[in-house]
Amino acid sequence: MTSHFPWLTILVVLPIFIGSSIFFLPHRGNKTFRWYTICICLLELLLTTYVFCYHFQLDDPLIQLEEDFKWIDIFDFHWRLGIDGLSVGPILLTGFITTLATLAAWPVTRNSRLFYFLMLAMYSGQIGSFSSRDLLLFFMMWELELIPVYLLLSMWGGKKRLYSATKFILYTAGGSIFLLIAVLGMGLYGPNEPTLNFEKLANQSYPVALEIILYFGFLIAYAVKSPIIPLHTWLPDTHGEAHYSTCMLLAGILLKMGAYGLIRINMELLPHAHSIFSPWLVIVGTIQIIYAASTSLGQRNLKKRIAYSSVSHMGFTIIGIGSITGMGLNGAILQILSHGFIGAALFFLAGTSCDRIRLVYLDKMGGVSIPMPKLFTMFSSFSMASLALPGMSGFVAELLVFFGIITSQKYLLMPKILITFVMAIGMILTPIYLLSMLRQMFYGYKLFNVPNSHFADSGPRELFVSICIFLPVIGIGIYPDFVLSLSIDRVQAILFNYFHR
């Protein structure tokens, strides 16, 4: 369905375009920039919601709102955008989390024009990645993320910010080299003229060896971004040093781009290689759940502990994608959205509490629940959501991934029992590290006995951000069809094409 009005182009271009005029605003204190940025984010979020409510048909598994403008004539490069049930969820998540992250960045006063502009530039890149229908455009939007994150890290991070920013750029730029080689290899191969159009590439067939090489190239790029072990080591350092509003964007949206690319490109365009690699994806995902959960238990730094829990939760997404069943894939997509909310909220609360008590190490904290009951309540609620308590979004997602791997036709009975057993151990380890984190932080009397200590509890801004994130977590947990109805038809179409080829 081709739309005559370029809705998606407006959604992609609006944040960075209007955001760049922040440099021309008169300097009347940071308040002007904050309100300006929040207004842009809200406008974008309302526009997105309007477009999806009135111009998007839920029961149509095809690509909708397509736009196709010729951009560079020489090598047939188009500005091609379009969305389906797979990209609607991540795009709405991006709008929601970015708006709340700008609200969370309220305390940033140093060089705030640039800070807010970089957040808006990330916003454009993320929406562009989720809606592009052209490989090279996808690559360009993927790259648009890197520079803002690098600058946000190296200018507004903690003590070791330069180390973690350099590590981040080395890992992600290294992954992007593989992505670019795979994109060019895929576009240039073929009997006819080179094409980068997703629709044409979906019907293209490759020699098995070439398909495996292309798949591997894409996989490395996504393994850095998602992250998949052993390419995950940039994540704890980055989260440990970044400002918490940047952490919200990293955990909430950036990690989800890798999983999205894995479904969108590797599964849809390279099905033969995906069937070869999927058992390995499941094995790596299972190892990742156990490894990250047990490593998280040994972390003294609060932010790093939450970062490792993110790595552990992304293991479920990878298993869901590797299971090649409708349930597993829907579970993976639900886990992407669920963890986007929960991860962002945990980093936000960890950041605000570290700002208040001026400590990051868990063994120095204790007794925080007495002076800060509101913070304690919210932190406990999101920790419960993170350990997949029934009635919250994480539970439904992990349950669907479980069912997906059990009902998968691809694997024999014994491997399925083994994988399910190991995943269950991972689900037992998750409460252990989350509850021990709560115990070390909030219980006891350590900080309560410090003389002259006065800690202010969460203010209205923090409560507002937390409640806004908590509502969808509960909503999805109680009524998951709310989200599954977006992706269920598209997932069936993907699987039909997959088995058909």
# chains A, B, ... in the order shown; residues from 1 in each chain; ligands from 1

call {"tool": "residues_around", "arguments": {"residues": "range 407-415 of chain A", "least_positions_apart": "5", "cutoff": "8 Å", "atoms": "only C-alpha atoms", "output": "list in words"}}
result
Ser323, Ile324 and Thr325 of chain A

call {"tool": "write_last_selection", "arguments": {"atoms": "N, CA, C and O atoms", "output": "short mmCIF file (atom, residue, chain, number, x, y, z; two decimals), in the first residue's frame"}}
result
data_model
loop_
_atom_site.label_atom_id
_atom_site.label_comp_id
_atom_site.auth_asym_id
_atom_site.auth_seq_id
_atom_site.Cartn_x
_atom_site.Cartn_y
_atom_site.Cartn_z
N SER A 323 14.42 -20.36 17.31
CA SER A 323 13.48 -21.49 17.41
C SER A 323 12.67 -21.70 16.12
O SER A 323 12.12 -22.77 15.88
N ILE A 324 12.59 -20.67 15.26
CA ILE A 324 11.85 -20.71 13.98
C ILE A 324 10.43 -21.23 14.17
O ILE A 324 9.96 -22.08 13.42
N THR A 325 9.73 -20.75 15.20
CA THR A 325 8.31 -21.06 15.34
C THR A 325 7.58 -19.74 15.53
O THR A 325 8.19 -18.75 15.94
#

call {"tool": "residues_around", "arguments": {"residues": "range 144-154 of chain A", "least_positions_apart": "2", "cutoff": "9 Å", "atoms": "only C-alpha atoms", "output": "PDB file with N, CA and C atoms, in the first residue's frame"}}
result
ATOM      1  N   PHE A 115      23.885  18.351  23.998  1.00  0.00           N
ATOM      2  CA  PHE A 115      23.359  17.112  24.597  1.00  0.00           C
ATOM      3  C   PHE A 115      21.991  16.770  24.017  1.00  0.00           C
ATOM      4  N   PHE A 117      20.571  17.991  21.317  1.00  0.00           N
ATOM      5  CA  PHE A 117      20.608  17.772  19.861  1.00  0.00           C
ATOM      6  C   PHE A 117      21.047  16.337  19.545  1.00  0.00           C
ATOM      7  N   LEU A 118      22.044  15.834  20.281  1.00  0.00           N
ATOM      8  CA  LEU A 118      22.528  14.462  20.035  1.00  0.00           C
ATOM      9  C   LEU A 118      21.432  13.440  20.331  1.00  0.00           C
ATOM     10  N   MET A 119      20.634  13.712  21.361  1.00  0.00           N
ATOM     11  CA  MET A 119      19.527  12.791  21.661  1.00  0.00           C
ATOM     12  C   MET A 119      18.521  12.769  20.506  1.00  0.00           C
ATOM     13  N   ALA A 121      19.208  13.496  17.370  1.00  0.00           N
ATOM     14  CA  ALA A 121      19.845  12.855  16.210  1.00  0.00           C
ATOM     15  C   ALA A 121      19.737  11.337  16.328  1.00  0.00           C
ATOM     16  N   MET A 122      19.911  10.827  17.556  1.00  0.00           N
ATOM     17  CA  MET A 122      19.739   9.390  17.775  1.00  0.00           C
ATOM     18  C   MET A 122      18.318   8.951  17.451  1.00  0.00           C
ATOM     19  N   TYR A 123      17.367   9.797  17.846  1.00  0.00           N
ATOM     20  CA  TYR A 123      15.936   9.524  17.624  1.00  0.00           C
ATOM     21  C   TYR A 123      15.683   9.289  16.135  1.00  0.00           C
ATOM     22  N   SER A 124      16.207  10.199  15.293  1.00  0.00           N
ATOM     23  CA  SER A 124      16.021  10.060  13.840  1.00  0.00           C
ATOM     24  C   SER A 124      16.650   8.781  13.318  1.00  0.00           C
ATOM     25  N   GLY A 125      17.880   8.497  13.779  1.00  0.00           N
ATOM     26  CA  GLY A 125      18.579   7.307  13.303  1.00  0.00           C
ATOM     27  C   GLY A 125      17.832   6.030  13.661  1.00  0.00           C
ATOM     28  N   GLN A 126      17.263   6.008  14.884  1.00  0.00           N
ATOM     29  CA  GLN A 126      16.564   4.797  15.321  1.00  0.00           C
ATOM     30  C   GLN A 126      15.285   4.576  14.525  1.00  0.00           C
ATOM     31  N   PHE A 139      21.877   0.720   6.471  1.00  0.00           N
ATOM     32  CA  PHE A 139      23.252   0.852   6.964  1.00  0.00           C
ATOM     33  C   PHE A 139      23.540   2.290   7.393  1.00  0.00           C
ATOM     34  N   MET A 140      23.082   3.267   6.600  1.00  0.00           N
ATOM     35  CA  MET A 140      23.348   4.667   6.938  1.00  0.00           C
ATOM     36  C   MET A 140      22.667   5.067   8.242  1.00  0.00           C
ATOM     37  N   MET A 141      21.424   4.619   8.421  1.00  0.00           N
ATOM     38  CA  MET A 141      20.710   4.939   9.663  1.00  0.00           C
ATOM     39  C   MET A 141      21.367   4.246  10.870  1.00  0.00           C
ATOM     40  N   TRP A 142      21.853   3.024  10.614  1.00  0.00           N
ATOM     41  CA  TRP A 142      22.567   2.253  11.652  1.00  0.00           C
ATOM     42  C   TRP A 142      23.798   3.035  12.111  1.00  0.00           C
ATOM     43  N   TRP A 156      29.665  13.438  28.647  1.00  0.00           N
ATOM     44  CA  TRP A 156      28.836  13.507  29.855  1.00  0.00           C
ATOM     45  C   TRP A 156      28.910  12.221  30.680  1.00  0.00           C
ATOM     46  N   GLY A 157      29.988  11.452  30.539  1.00  0.00           N
ATOM     47  CA  GLY A 157      30.074  10.178  31.255  1.00  0.00           C
ATOM     48  C   GLY A 157      30.727  10.332  32.617  1.00  0.00           C
ATOM     49  N   GLY A 158      31.108   9.195  33.194  1.00  0.00           N
ATOM     50  CA  GLY A 158      31.735   9.189  34.517  1.00  0.00           C
ATOM     51  C   GLY A 158      33.249   9.357  34.421  1.00  0.00           C
ATOM     52  N   LYS A 160      35.730   7.097  33.979  1.00  0.00           N
ATOM     53  CA  LYS A 160      36.440   6.344  32.928  1.00  0.00           C
ATOM     54  C   LYS A 160      35.746   6.523  31.583  1.00  0.00           C
ATOM     55  N   ARG A 161      35.149   7.703  31.353  1.00  0.00           N
ATOM     56  CA  ARG A 161      34.287   7.854  30.181  1.00  0.00           C
ATOM     57  C   ARG A 161      35.034   7.715  28.864  1.00  0.00           C
ATOM     58  N   LEU A 162      36.289   8.191  28.810  1.00  0.00           N
ATOM     59  CA  LEU A 162      37.011   8.125  27.532  1.00  0.00           C
ATOM     60  C   LEU A 162      37.343   6.681  27.175  1.00  0.00           C
ATOM     61  N   TYR A 163      37.703   5.908  28.204  1.00  0.00           N
ATOM     62  CA  TYR A 163      37.998   4.492  27.964  1.00  0.00           C
ATOM     63  C   TYR A 163      36.767   3.779  27.419  1.00  0.00           C
ATOM     64  N   SER A 164      35.615   3.993  28.083  1.00  0.00           N
ATOM     65  CA  SER A 164      34.423   3.237  27.656  1.00  0.00           C
ATOM     66  C   SER A 164      33.903   3.747  26.318  1.00  0.00           C
ATOM     67  N   ALA A 165      34.060   5.068  26.035  1.00  0.00           N
ATOM     68  CA  ALA A 165      33.603   5.597  24.747  1.00  0.00           C
ATOM     69  C   ALA A 165      34.456   5.033  23.613  1.00  0.00           C
ATOM     70  N   THR A 166      35.779   4.943  23.856  1.00  0.00           N
ATOM     71  CA  THR A 166      36.667   4.390  22.821  1.00  0.00           C
ATOM     72  C   THR A 166      36.350   2.925  22.587  1.00  0.00           C
ATOM     73  N   PHE A 168      33.493   1.466  23.060  1.00  0.00           N
ATOM     74  CA  PHE A 168      32.207   1.408  22.352  1.00  0.00           C
ATOM     75  C   PHE A 168      32.410   1.645  20.854  1.00  0.00           C
ATOM     76  N   ILE A 169      33.170   2.687  20.507  1.00  0.00           N
ATOM     77  CA  ILE A 169      33.294   3.030  19.083  1.00  0.00           C
ATOM     78  C   ILE A 169      34.101   1.961  18.351  1.00  0.00           C
ATOM     79  N   THR A 172      31.629  -1.124  17.910  1.00  0.00           N
ATOM     80  CA  THR A 172      30.502  -0.935  16.990  1.00  0.00           C
ATOM     81  C   THR A 172      30.978  -0.603  15.584  1.00  0.00           C
ATOM     82  N   ALA A 173      32.065   0.180  15.474  1.00  0.00           N
ATOM     83  CA  ALA A 173      32.572   0.482  14.129  1.00  0.00           C
ATOM     84  C   ALA A 173      33.153  -0.776  13.502  1.00  0.00           C
ATOM     85  N   THR A 238      30.208   0.676  29.067  1.00  0.00           N
ATOM     86  CA  THR A 238      29.454   1.822  28.560  1.00  0.00           C
ATOM     87  C   THR A 238      28.352   2.215  29.541  1.00  0.00           C
ATOM     88  N   GLU A 241      29.519   3.917  32.780  1.00  0.00           N
ATOM     89  CA  GLU A 241      30.029   5.286  32.723  1.00  0.00           C
ATOM     90  C   GLU A 241      29.026   6.306  32.201  1.00  0.00           C
ATOM     91  N   ALA A 242      28.059   5.864  31.372  1.00  0.00           N
ATOM     92  CA  ALA A 242      27.187   6.833  30.697  1.00  0.00           C
ATOM     93  C   ALA A 242      26.229   7.509  31.674  1.00  0.00           C
ATOM     94  N   HIS A 243      25.767   8.713  31.306  1.00  0.00           N
ATOM     95  CA  HIS A 243      24.717   9.383  32.080  1.00  0.00           C
ATOM     96  C   HIS A 243      23.446   8.547  31.968  1.00  0.00           C
ATOM     97  N   THR A 246      21.327   8.591  28.821  1.00  0.00           N
ATOM     98  CA  THR A 246      21.944   7.865  27.698  1.00  0.00           C
ATOM     99  C   THR A 246      21.757   6.359  27.883  1.00  0.00           C
ATOM    100  N   LEU A 250      20.295   3.525  25.391  1.00  0.00           N
ATOM    101  CA  LEU A 250      21.102   2.354  25.020  1.00  0.00           C
ATOM    102  C   LEU A 250      20.350   1.066  25.331  1.00  0.00           C
ATOM    103  N   LEU A 254      18.753   0.896  21.616  1.00  0.00           N
ATOM    104  CA  LEU A 254      19.932   0.549  20.816  1.00  0.00           C
ATOM    105  C   LEU A 254      20.152  -0.963  20.743  1.00  0.00           C
TER     106      LEU A 254
END

call {"tool": "residues_around", "arguments": {"residues": "range 272-283 of chain A", "least_positions_apart": "4", "cutoff": "9 Å", "atoms": "only C-alpha atoms", "output": "JSON, numbers by chain"}}
result
{"A": [208, 209, 211, 212, 213, 214, 215, 216, 266, 267, 268, 287, 288, 315, 316, 318, 319, 320, 321, 322, 323, 324, 405, 410, 411, 419, 498, 501]}

call {"tool": "write_last_selection", "arguments": {"atoms": "C-alpha atoms", "output": "PDB file, in the first residue's frame"}}
result
ATOM      1  CA  VAL A 208      25.114 -21.766   0.008  1.00  0.00           C
ATOM      2  CA  ALA A 209      28.716 -20.731   0.745  1.00  0.00           C
ATOM      3  CA  GLU A 211      24.828 -17.023   1.799  1.00  0.00           C
ATOM      4  CA  ILE A 212      26.655 -18.303   4.895  1.00  0.00           C
ATOM      5  CA  ILE A 213      29.373 -15.634   4.468  1.00  0.00           C
ATOM      6  CA  LEU A 214      26.765 -12.867   4.069  1.00  0.00           C
ATOM      7  CA  TYR A 215      24.800 -14.165   7.054  1.00  0.00           C
ATOM      8  CA  PHE A 216      27.935 -14.244   9.165  1.00  0.00           C
ATOM      9  CA  ASN A 266      19.017 -12.563   8.318  1.00  0.00           C
ATOM     10  CA  MET A 267      15.759 -14.446   8.650  1.00  0.00           C
ATOM     11  CA  GLU A 268      13.749 -12.860   5.840  1.00  0.00           C
ATOM     12  CA  ILE A 287      24.870 -19.992  27.357  1.00  0.00           C
ATOM     13  CA  GLN A 288      24.357 -16.223  27.397  1.00  0.00           C
ATOM     14  CA  GLY A 315      19.518 -14.298  25.404  1.00  0.00           C
ATOM     15  CA  PHE A 316      15.778 -15.068  25.382  1.00  0.00           C
ATOM     16  CA  ILE A 318      18.099 -14.846  20.470  1.00  0.00           C
ATOM     17  CA  ILE A 319      16.590 -18.218  21.452  1.00  0.00           C
ATOM     18  CA  GLY A 320      13.180 -17.061  20.206  1.00  0.00           C
ATOM     19  CA  ILE A 321      14.654 -16.064  16.831  1.00  0.00           C
ATOM     20  CA  GLY A 322      16.540 -19.367  16.609  1.00  0.00           C
ATOM     21  CA  SER A 323      13.477 -21.490  17.406  1.00  0.00           C
ATOM     22  CA  ILE A 324      11.852 -20.710  13.984  1.00  0.00           C
ATOM     23  CA  ILE A 405      11.520 -23.849  21.648  1.00  0.00           C
ATOM     24  CA  LYS A 410      13.580 -28.359  13.986  1.00  0.00           C
ATOM     25  CA  TYR A 411      15.116 -29.853  17.132  1.00  0.00           C
ATOM     26  CA  ILE A 419      17.933 -26.315  26.411  1.00  0.00           C
ATOM     27  CA  TYR A 498      10.796 -18.960   5.152  1.00  0.00           C
ATOM     28  CA  ARG A 501      11.805 -21.021   0.176  1.00  0.00           C
TER      29      ARG A 501
END

call {"tool": "residues_around", "arguments": {"residues": "Arg439 in chain A", "least_positions_apart": "4", "cutoff": "12 Å", "atoms": "only C-alpha atoms", "output": "number ranges by chain"}}
result
A: 362-363, 365-369, 376, 379-380, 383, 431-435, 443-446

call {"tool": "residues_around", "arguments": {"residues": "Ser485 in chain A", "least_positions_apart": "4", "cutoff": "9 Å", "atoms": "only C-alpha atoms", "output": "VMD selection string"}}
result
chain A and resid 58 to 59 85 480 to 481 489

call {"tool": "write_last_selection", "arguments": {"atoms": "all heavy atoms", "output": "compact mmCIF listing (two decimals), in the first residue's frame"}}
result
# COMPACT_ATOMS: atom_id res chain seq x y z
N LEU A 58 -3.94 -3.12 10.88
CA LEU A 58 -3.32 -4.17 11.69
C LEU A 58 -3.36 -5.53 11.01
O LEU A 58 -2.43 -6.32 11.14
CB LEU A 58 -4.05 -4.27 13.03
CG LEU A 58 -3.63 -3.28 14.11
CD1 LEU A 58 -4.41 -3.53 15.37
CD2 LEU A 58 -2.14 -3.41 14.39
N ASP A 59 -4.46 -5.82 10.27
CA ASP A 59 -4.62 -7.18 9.76
C ASP A 59 -3.94 -7.39 8.41
O ASP A 59 -4.10 -8.42 7.78
CB ASP A 59 -6.11 -7.52 9.66
CG ASP A 59 -6.89 -6.40 8.98
OD1 ASP A 59 -6.24 -5.41 8.58
OD2 ASP A 59 -8.13 -6.51 8.87
N GLY A 85 4.01 -4.98 10.72
CA GLY A 85 3.75 -5.28 12.12
C GLY A 85 5.01 -5.46 12.95
O GLY A 85 5.00 -5.28 14.17
N PRO A 480 -1.40 -9.35 26.85
CA PRO A 480 -0.31 -9.33 25.85
C PRO A 480 -0.79 -9.18 24.41
O PRO A 480 -0.03 -8.76 23.55
CB PRO A 480 0.39 -10.67 26.05
CG PRO A 480 -0.49 -11.49 26.90
CD PRO A 480 -1.43 -10.60 27.61
N ASP A 481 -2.06 -9.52 24.12
CA ASP A 481 -2.55 -9.39 22.75
C ASP A 481 -2.48 -7.96 22.25
O ASP A 481 -2.46 -7.70 21.04
CB ASP A 481 -4.00 -9.87 22.66
CG ASP A 481 -4.06 -11.37 22.44
OD1 ASP A 481 -3.00 -11.99 22.66
OD2 ASP A 481 -5.12 -11.91 22.08
N ASP A 489 0.40 -11.42 12.51
CA ASP A 489 0.21 -11.69 11.08
C ASP A 489 1.53 -11.63 10.33
O ASP A 489 1.80 -12.44 9.44
CB ASP A 489 -0.77 -10.68 10.46
CG ASP A 489 -2.19 -10.90 10.96
OD1 ASP A 489 -2.53 -12.08 11.20
OD2 ASP A 489 -2.93 -9.92 11.13
